[in-house]
$ cat final_12.cif   # mmCIF, C-alpha atoms
data_work
#
loop_
_atom_site.group_PDB
_atom_site.id
_atom_site.type_symbol
_atom_site.label_atom_id
_atom_site.label_comp_id
_atom_site.auth_asym_id
_atom_site.auth_seq_id
_atom_site.Cartn_x
_atom_site.Cartn_y
_atom_site.Cartn_z
ATOM 1 C CA MET A 1 -128.820 -105.505 27.816
ATOM 2 C CA GLN A 2 -128.843 -109.262 27.995
ATOM 3 C CA ALA A 3 -127.127 -111.018 30.871
ATOM 4 C CA ASP A 4 -126.019 -113.923 28.671
ATOM 5 C CA ASP A 5 -124.394 -113.937 25.267
ATOM 6 C CA VAL A 6 -125.491 -116.222 22.407
ATOM 7 C CA LYS A 7 -123.442 -119.188 23.677
ATOM 8 C CA GLY A 8 -125.129 -119.095 27.077
ATOM 9 C CA HIS A 9 -122.048 -117.731 28.820
ATOM 10 C CA ARG A 10 -122.375 -114.825 31.211
ATOM 11 C CA LYS A 11 -121.818 -111.524 29.465
ATOM 12 C CA TYR A 12 -120.730 -109.808 32.676
ATOM 13 C CA ALA A 13 -118.699 -111.152 35.576
ATOM 14 C CA ASN A 14 -120.709 -109.131 38.103
ATOM 15 C CA SER A 15 -123.169 -106.254 38.582
ATOM 16 C CA PHE A 16 -120.404 -103.674 38.817
ATOM 17 C CA GLN A 17 -119.015 -104.655 35.406
ATOM 18 C CA CYS A 18 -122.532 -104.458 33.914
ATOM 19 C CA ALA A 19 -123.110 -101.002 35.437
ATOM 20 C CA ARG A 20 -119.721 -99.792 34.180
ATOM 21 C CA GLN A 21 -120.565 -101.010 30.650
ATOM 22 C CA ILE A 22 -123.975 -99.288 30.706
ATOM 23 C CA PHE A 23 -122.360 -96.120 32.072
ATOM 24 C CA SER A 24 -119.773 -96.023 29.284
ATOM 25 C CA THR A 25 -122.048 -96.939 26.369
ATOM 26 C CA GLU A 26 -125.427 -95.437 27.277
ATOM 27 C CA GLY A 27 -124.748 -91.846 28.302
ATOM 28 C CA GLY A 28 -123.273 -92.067 31.780
ATOM 29 C CA VAL A 29 -125.538 -91.810 34.804
ATOM 30 C CA LYS A 30 -128.523 -91.219 32.518
ATOM 31 C CA GLY A 31 -128.085 -94.739 31.117
ATOM 32 C CA LEU A 32 -128.200 -96.248 34.594
ATOM 33 C CA TYR A 33 -131.595 -94.631 35.176
ATOM 34 C CA LYS A 34 -133.202 -95.426 31.820
ATOM 35 C CA GLY A 35 -136.861 -96.145 32.506
ATOM 36 C CA GLY A 36 -136.697 -94.518 35.944
ATOM 37 C CA ALA A 37 -139.620 -92.161 35.345
ATOM 38 C CA ALA A 38 -141.732 -95.029 34.025
ATOM 39 C CA THR A 39 -140.805 -97.049 37.103
ATOM 40 C CA LEU A 40 -142.021 -94.225 39.351
ATOM 41 C CA LEU A 41 -145.207 -93.999 37.295
ATOM 42 C CA ARG A 42 -145.759 -97.671 38.092
ATOM 43 C CA GLU A 43 -144.673 -97.705 41.725
ATOM 44 C CA VAL A 44 -146.407 -94.664 43.212
ATOM 45 C CA PRO A 45 -150.003 -95.278 42.035
ATOM 46 C CA GLY A 46 -149.394 -99.032 42.192
ATOM 47 C CA THR A 47 -148.437 -98.856 45.855
ATOM 48 C CA ILE A 48 -151.543 -96.791 46.576
ATOM 49 C CA ALA A 49 -153.668 -99.491 44.882
ATOM 50 C CA TRP A 50 -151.716 -102.245 46.659
ATOM 51 C CA CYS A 51 -151.959 -100.919 50.214
ATOM 52 C CA GLY A 52 -155.391 -99.364 49.709
ATOM 53 C CA THR A 53 -156.865 -102.627 48.435
ATOM 54 C CA TYR A 54 -155.372 -104.551 51.339
ATOM 55 C CA ASP A 55 -156.693 -102.116 53.946
ATOM 56 C CA ARG A 56 -160.166 -101.883 52.373
ATOM 57 C CA LEU A 57 -160.500 -105.669 52.108
ATOM 58 C CA LYS A 58 -159.519 -106.098 55.751
ATOM 59 C CA VAL A 59 -162.157 -103.544 56.769
ATOM 60 C CA TYR A 60 -164.736 -105.263 54.549
ATOM 61 C CA MET A 61 -163.979 -108.698 56.054
ATOM 62 C CA THR A 62 -163.958 -107.513 59.672
ATOM 63 C CA PRO A 63 -167.242 -108.160 61.495
ATOM 64 C CA ARG A 64 -168.893 -105.071 62.948
ATOM 65 C CA GLY A 65 -167.557 -104.231 66.394
ATOM 66 C CA GLU A 66 -164.330 -106.224 65.933
ATOM 67 C CA SER A 67 -160.800 -105.171 65.024
ATOM 68 C CA SER A 68 -159.109 -106.105 61.776
ATOM 69 C CA SER A 69 -156.148 -107.242 63.907
ATOM 70 C CA ASP A 70 -158.378 -110.167 64.998
ATOM 71 C CA LEU A 71 -158.893 -111.447 61.438
ATOM 72 C CA PRO A 72 -157.865 -115.056 60.894
ATOM 73 C CA VAL A 73 -154.698 -115.761 58.923
ATOM 74 C CA TRP A 74 -156.562 -116.983 55.838
ATOM 75 C CA LYS A 75 -158.509 -113.708 55.542
ATOM 76 C CA ARG A 76 -155.333 -111.637 55.836
ATOM 77 C CA MET A 77 -153.679 -113.793 53.203
ATOM 78 C CA TRP A 78 -156.722 -113.554 50.933
ATOM 79 C CA ALA A 79 -156.672 -109.738 51.227
ATOM 80 C CA GLY A 80 -152.910 -109.646 50.605
ATOM 81 C CA GLY A 81 -153.135 -111.868 47.529
ATOM 82 C CA LEU A 82 -155.948 -109.800 46.050
ATOM 83 C CA ALA A 83 -153.999 -106.610 46.806
ATOM 84 C CA GLY A 84 -151.086 -107.961 44.772
ATOM 85 C CA ILE A 85 -153.395 -108.672 41.857
ATOM 86 C CA ALA A 86 -154.879 -105.164 42.196
ATOM 87 C CA PHE A 87 -151.388 -103.651 41.990
ATOM 88 C CA TRP A 88 -150.561 -105.480 38.765
ATOM 89 C CA THR A 89 -153.983 -104.941 37.221
ATOM 90 C CA VAL A 90 -153.739 -101.186 37.686
ATOM 91 C CA MET A 91 -150.075 -100.826 36.799
ATOM 92 C CA PHE A 92 -149.292 -103.539 34.255
ATOM 93 C CA PRO A 93 -149.403 -101.217 31.207
ATOM 94 C CA SER A 94 -146.839 -98.877 32.766
ATOM 95 C CA ASP A 95 -144.611 -101.874 33.544
ATOM 96 C CA VAL A 96 -144.803 -102.971 29.906
ATOM 97 C CA ILE A 97 -143.818 -99.456 28.815
ATOM 98 C CA LYS A 98 -140.996 -99.254 31.374
ATOM 99 C CA THR A 99 -139.569 -102.535 30.110
ATOM 100 C CA ARG A 100 -139.818 -101.481 26.454
ATOM 101 C CA ILE A 101 -137.992 -98.213 27.230
ATOM 102 C CA GLN A 102 -135.274 -100.111 29.097
ATOM 103 C CA VAL A 103 -134.610 -102.938 26.633
ATOM 104 C CA ASP A 104 -136.017 -102.120 23.177
ATOM 105 C CA PRO A 105 -133.647 -99.951 21.120
ATOM 106 C CA VAL A 106 -136.573 -98.475 19.161
ATOM 107 C CA TYR A 107 -138.285 -97.351 22.375
ATOM 108 C CA SER A 108 -135.147 -96.297 24.271
ATOM 109 C CA ASN A 109 -135.378 -92.670 23.158
ATOM 110 C CA TYR A 110 -139.135 -92.357 23.641
ATOM 111 C CA GLY A 111 -140.773 -90.614 26.549
ATOM 112 C CA ILE A 112 -143.467 -92.427 28.508
ATOM 113 C CA THR A 113 -146.382 -90.945 26.538
ATOM 114 C CA LYS A 114 -144.891 -91.649 23.116
ATOM 115 C CA ALA A 115 -143.922 -95.182 24.157
ATOM 116 C CA LEU A 116 -147.445 -95.817 25.452
ATOM 117 C CA MET A 117 -149.039 -94.522 22.236
ATOM 118 C CA GLU A 118 -146.690 -96.604 20.052
ATOM 119 C CA GLN A 119 -147.279 -99.767 22.085
ATOM 120 C CA TYR A 120 -151.039 -99.206 21.901
ATOM 121 C CA LYS A 121 -150.862 -98.646 18.126
ATOM 122 C CA GLU A 122 -148.803 -101.835 17.757
ATOM 123 C CA SER A 123 -151.043 -104.191 19.725
ATOM 124 C CA GLY A 124 -153.872 -102.355 21.501
ATOM 125 C CA MET A 125 -154.934 -103.036 25.081
ATOM 126 C CA ARG A 126 -154.076 -106.704 24.650
ATOM 127 C CA GLY A 127 -150.425 -105.740 24.145
ATOM 128 C CA LEU A 128 -150.435 -103.573 27.253
ATOM 129 C CA TYR A 129 -151.595 -106.568 29.321
ATOM 130 C CA ARG A 130 -149.581 -109.332 27.624
ATOM 131 C CA GLY A 131 -148.169 -111.455 30.450
ATOM 132 C CA TRP A 132 -150.609 -110.210 33.083
ATOM 133 C CA THR A 133 -152.125 -113.644 33.801
ATOM 134 C CA MET A 134 -148.825 -115.223 34.824
ATOM 135 C CA THR A 135 -147.872 -112.130 36.801
ATOM 136 C CA ALA A 136 -151.192 -112.180 38.677
ATOM 137 C CA LEU A 137 -150.858 -115.899 39.395
ATOM 138 C CA ARG A 138 -147.381 -115.499 40.865
ATOM 139 C CA SER A 139 -148.395 -112.308 42.632
ATOM 140 C CA PHE A 140 -151.188 -113.823 44.709
ATOM 141 C CA PRO A 141 -149.161 -116.184 46.921
ATOM 142 C CA SER A 142 -146.204 -113.856 47.344
ATOM 143 C CA ASN A 143 -148.371 -110.907 48.365
ATOM 144 C CA ALA A 144 -150.469 -113.093 50.654
ATOM 145 C CA VAL A 145 -147.284 -113.925 52.569
ATOM 146 C CA ILE A 146 -145.891 -110.374 52.386
ATOM 147 C CA PHE A 147 -148.973 -108.838 53.993
ATOM 148 C CA LEU A 148 -149.351 -111.626 56.561
ATOM 149 C CA VAL A 149 -145.761 -111.061 57.706
ATOM 150 C CA PHE A 150 -146.251 -107.278 57.611
ATOM 151 C CA ASP A 151 -149.308 -107.523 59.848
ATOM 152 C CA LYS A 152 -147.670 -109.944 62.280
ATOM 153 C CA VAL A 153 -144.536 -107.805 62.601
ATOM 154 C CA SER A 154 -146.622 -104.618 62.961
ATOM 155 C CA LEU A 155 -148.727 -106.179 65.725
ATOM 156 C CA TYR A 156 -145.583 -107.401 67.476
ATOM 157 C CA LEU A 157 -143.854 -104.002 67.249
ATOM 158 C CA ASN A 158 -147.004 -102.168 68.397
ATOM 159 C CA GLY A 159 -147.125 -104.496 71.386
ATOM 160 C CA LEU A 160 -143.562 -103.495 72.284
ATOM 161 C CA THR A 161 -144.431 -99.802 72.314
ATOM 162 C CA SER A 162 -147.729 -100.107 74.208
#
$ encode --input "final_12.cif" --output "structure tokens"
Amino acid sequence: MQADDVKGHRKYANSFQCARQIFSTEGGVKGLYKGGAATLLREVPGTIAWCGTYDRLKVYMTPRGESSSDLPVWKRMWAGGLAGIAFWTVMFPSDVIKTRIQVDPVYSNYGITKALMEQYKESGMRGLYRGWTMTALRSFPSNAVIFLVFDKVSLYLNGLTS
């Protein structure tokens, strides 16, 4: 579904109208969750890579005998940015497949495996990673800030309970 029609005007007045249209034209509740399994396939292992990379990098950068909570801001941000890139590197192909299932009429009736095989046949590994560079570039700064804030809030909340 496109949010804008060909004249550049909004196709839907609001999210509720869009959801109602999808519900009525794409099989009810099933239409609202199109690509849901592919999203889970991306999010679960991706989150493991994301958090695992961040934690491992903090351990790696922490001098022996010190705590990772004492790391300087720049090291936390570096680890967070690299963790974001790790997430997208591991999970980008499943995101491509999820998007194809959600928006491409040819792929909309495919399961994850069939969609992956068809995409690979169409354009190989290059097609499964098309757009990765821009995603990685935007991911670094946002994840650097996300993990810095996460750590600061965690340290603050732990201090409240100690």
$ closest_atom_pairs --input "final_12.cif" --of "region 52-98 of chain A" --to "region 27-37 of chain A" --cutoff "10 Å" --atoms "only C-alpha atoms" --output "Markdown table"
| residue | atom | partner | partner_atom | distance |
| --- | --- | --- | --- | --- |
| A:Asp95 | CA | A:Gly35 | CA | 9.7 |
| A:Ile97 | CA | A:Gly35 | CA | 8.5 |
| A:Lys98 | CA | A:Gly35 | CA | 5.3 |
$ atom_distance --input "final_12.cif" --atom1 "CA of Tyr107 (chain A)" --atom2 "CA of Arg138 (chain A)"
27.5 Å
$ closest_residue --input "final_12.cif" --among "A:Ile22, A:Val90, A:Arg64, A:Leu82" --to "Arg42 (chain A)" --atoms "only C-alpha atoms"
A:Val90
$ closest_residue --input "final_12.cif" --among "A:Tyr110, A:Pro93, A:Ser69, A:Thr99" --to "Gly124 (chain A)" --atoms "only C-alpha atoms"
A:Pro93
$ atom_distance --input "final_12.cif" --atom1 "CA of Ala86 (chain A)" --atom2 "CA of Leu41 (chain A)"
15.6 Å
$ residues_around --input "final_12.cif" --residues "Pro105 (chain A)" --least-positions-apart "3" --cutoff "12 Å" --atoms "only C-alpha atoms" --output "tab-separated table (two decimals) with C-alpha atoms, keeping the file's coordinate frame"
chain	number	residue	atom	x	y	z
A	1	MET	CA	-128.82	-105.50	27.82
A	26	GLU	CA	-125.43	-95.44	27.28
A	34	LYS	CA	-133.20	-95.43	31.82
A	99	THR	CA	-139.57	-102.54	30.11
A	100	ARG	CA	-139.82	-101.48	26.45
A	101	ILE	CA	-137.99	-98.21	27.23
A	102	GLN	CA	-135.27	-100.11	29.10
A	108	SER	CA	-135.15	-96.30	24.27
A	109	ASN	CA	-135.38	-92.67	23.16
A	110	TYR	CA	-139.14	-92.36	23.64
A	115	ALA	CA	-143.92	-95.18	24.16
$ resolve_selection --input "final_12.cif" --expression "the PyMOL selection byres ((chain A and resi 45-58) around 12)" --output "VMD selection string"
chain A and resid 38 to 44 59 to 64 66 to 95 139 to 140 143 to 144 146 to 148 150 to 151
$ build_atoms --input "final_12.cif" --residues "region 36-62 of chain A" --atoms "N, CA and C atoms" --output "PDB file, keeping the file's coordinate frame"
ATOM      1  N   GLY A  36    -136.446 -94.913  34.558  1.00  0.00           N
ATOM      2  CA  GLY A  36    -136.697 -94.518  35.944  1.00  0.00           C
ATOM      3  C   GLY A  36    -138.021 -93.805  36.131  1.00  0.00           C
ATOM      4  N   ALA A  37    -138.342 -92.887  35.232  1.00  0.00           N
ATOM      5  CA  ALA A  37    -139.620 -92.161  35.345  1.00  0.00           C
ATOM      6  C   ALA A  37    -140.797 -93.116  35.170  1.00  0.00           C
ATOM      7  N   ALA A  38    -140.663 -94.044  34.234  1.00  0.00           N
ATOM      8  CA  ALA A  38    -141.732 -95.029  34.025  1.00  0.00           C
ATOM      9  C   ALA A  38    -141.859 -95.947  35.242  1.00  0.00           C
ATOM     10  N   THR A  39    -140.751 -96.238  35.884  1.00  0.00           N
ATOM     11  CA  THR A  39    -140.805 -97.049  37.103  1.00  0.00           C
ATOM     12  C   THR A  39    -141.561 -96.312  38.199  1.00  0.00           C
ATOM     13  N   LEU A  40    -141.284 -95.019  38.360  1.00  0.00           N
ATOM     14  CA  LEU A  40    -142.021 -94.225  39.351  1.00  0.00           C
ATOM     15  C   LEU A  40    -143.506 -94.161  39.017  1.00  0.00           C
ATOM     16  N   LEU A  41    -143.818 -94.035  37.727  1.00  0.00           N
ATOM     17  CA  LEU A  41    -145.207 -93.999  37.295  1.00  0.00           C
ATOM     18  C   LEU A  41    -145.919 -95.295  37.679  1.00  0.00           C
ATOM     19  N   ARG A  42    -145.188 -96.388  37.681  1.00  0.00           N
ATOM     20  CA  ARG A  42    -145.759 -97.671  38.092  1.00  0.00           C
ATOM     21  C   ARG A  42    -145.839 -97.778  39.613  1.00  0.00           C
ATOM     22  N   GLU A  43    -144.777 -97.435  40.292  1.00  0.00           N
ATOM     23  CA  GLU A  43    -144.673 -97.705  41.725  1.00  0.00           C
ATOM     24  C   GLU A  43    -145.567 -96.827  42.601  1.00  0.00           C
ATOM     25  N   VAL A  44    -145.654 -95.548  42.313  1.00  0.00           N
ATOM     26  CA  VAL A  44    -146.407 -94.664  43.212  1.00  0.00           C
ATOM     27  C   VAL A  44    -147.906 -94.994  43.175  1.00  0.00           C
ATOM     28  N   PRO A  45    -148.575 -94.919  42.019  1.00  0.00           N
ATOM     29  CA  PRO A  45    -150.003 -95.278  42.035  1.00  0.00           C
ATOM     30  C   PRO A  45    -150.214 -96.764  42.349  1.00  0.00           C
ATOM     31  N   GLY A  46    -149.276 -97.596  41.925  1.00  0.00           N
ATOM     32  CA  GLY A  46    -149.394 -99.032  42.192  1.00  0.00           C
ATOM     33  C   GLY A  46    -149.368 -99.331  43.678  1.00  0.00           C
ATOM     34  N   THR A  47    -148.514 -98.653  44.411  1.00  0.00           N
ATOM     35  CA  THR A  47    -148.437 -98.856  45.855  1.00  0.00           C
ATOM     36  C   THR A  47    -149.699 -98.358  46.542  1.00  0.00           C
ATOM     37  N   ILE A  48    -150.267 -97.281  46.032  1.00  0.00           N
ATOM     38  CA  ILE A  48    -151.543 -96.791  46.576  1.00  0.00           C
ATOM     39  C   ILE A  48    -152.624 -97.862  46.361  1.00  0.00           C
ATOM     40  N   ALA A  49    -152.686 -98.435  45.159  1.00  0.00           N
ATOM     41  CA  ALA A  49    -153.668 -99.491  44.882  1.00  0.00           C
ATOM     42  C   ALA A  49    -153.392-100.716  45.743  1.00  0.00           C
ATOM     43  N   TRP A  50    -152.140-101.056  45.902  1.00  0.00           N
ATOM     44  CA  TRP A  50    -151.716-102.245  46.659  1.00  0.00           C
ATOM     45  C   TRP A  50    -152.137-102.144  48.119  1.00  0.00           C
ATOM     46  N   CYS A  51    -151.663-101.095  48.787  1.00  0.00           N
ATOM     47  CA  CYS A  51    -151.959-100.919  50.214  1.00  0.00           C
ATOM     48  C   CYS A  51    -153.426-100.572  50.440  1.00  0.00           C
ATOM     49  N   GLY A  52    -153.985 -99.744  49.570  1.00  0.00           N
ATOM     50  CA  GLY A  52    -155.391 -99.364  49.709  1.00  0.00           C
ATOM     51  C   GLY A  52    -156.317-100.559  49.578  1.00  0.00           C
ATOM     52  N   THR A  53    -156.041-101.426  48.613  1.00  0.00           N
ATOM     53  CA  THR A  53    -156.865-102.627  48.435  1.00  0.00           C
ATOM     54  C   THR A  53    -156.766-103.515  49.658  1.00  0.00           C
ATOM     55  N   TYR A  54    -155.560-103.705  50.159  1.00  0.00           N
ATOM     56  CA  TYR A  54    -155.372-104.551  51.339  1.00  0.00           C
ATOM     57  C   TYR A  54    -156.157-103.996  52.530  1.00  0.00           C
ATOM     58  N   ASP A  55    -156.000-102.723  52.804  1.00  0.00           N
ATOM     59  CA  ASP A  55    -156.693-102.116  53.946  1.00  0.00           C
ATOM     60  C   ASP A  55    -158.209-102.177  53.793  1.00  0.00           C
ATOM     61  N   ARG A  56    -158.714-101.868  52.593  1.00  0.00           N
ATOM     62  CA  ARG A  56    -160.166-101.883  52.373  1.00  0.00           C
ATOM     63  C   ARG A  56    -160.724-103.297  52.520  1.00  0.00           C
ATOM     64  N   LEU A  57    -160.015-104.289  51.997  1.00  0.00           N
ATOM     65  CA  LEU A  57    -160.500-105.669  52.108  1.00  0.00           C
ATOM     66  C   LEU A  57    -160.518-106.133  53.562  1.00  0.00           C
ATOM     67  N   LYS A  58    -159.522-105.735  54.329  1.00  0.00           N
ATOM     68  CA  LYS A  58    -159.519-106.098  55.751  1.00  0.00           C
ATOM     69  C   LYS A  58    -160.714-105.469  56.465  1.00  0.00           C
ATOM     70  N   VAL A  59    -160.996-104.211  56.163  1.00  0.00           N
ATOM     71  CA  VAL A  59    -162.157-103.544  56.769  1.00  0.00           C
ATOM     72  C   VAL A  59    -163.444-104.266  56.352  1.00  0.00           C
ATOM     73  N   TYR A  60    -163.554-104.585  55.073  1.00  0.00           N
ATOM     74  CA  TYR A  60    -164.736-105.263  54.549  1.00  0.00           C
ATOM     75  C   TYR A  60    -164.950-106.626  55.220  1.00  0.00           C
ATOM     76  N   MET A  61    -163.871-107.351  55.483  1.00  0.00           N
ATOM     77  CA  MET A  61    -163.979-108.698  56.054  1.00  0.00           C
ATOM     78  C   MET A  61    -164.079-108.714  57.581  1.00  0.00           C
ATOM     79  N   THR A  62    -163.904-107.575  58.206  1.00  0.00           N
ATOM     80  CA  THR A  62    -163.958-107.513  59.672  1.00  0.00           C
ATOM     81  C   THR A  62    -165.399-107.357  60.137  1.00  0.00           C
TER      82      THR A  62
END
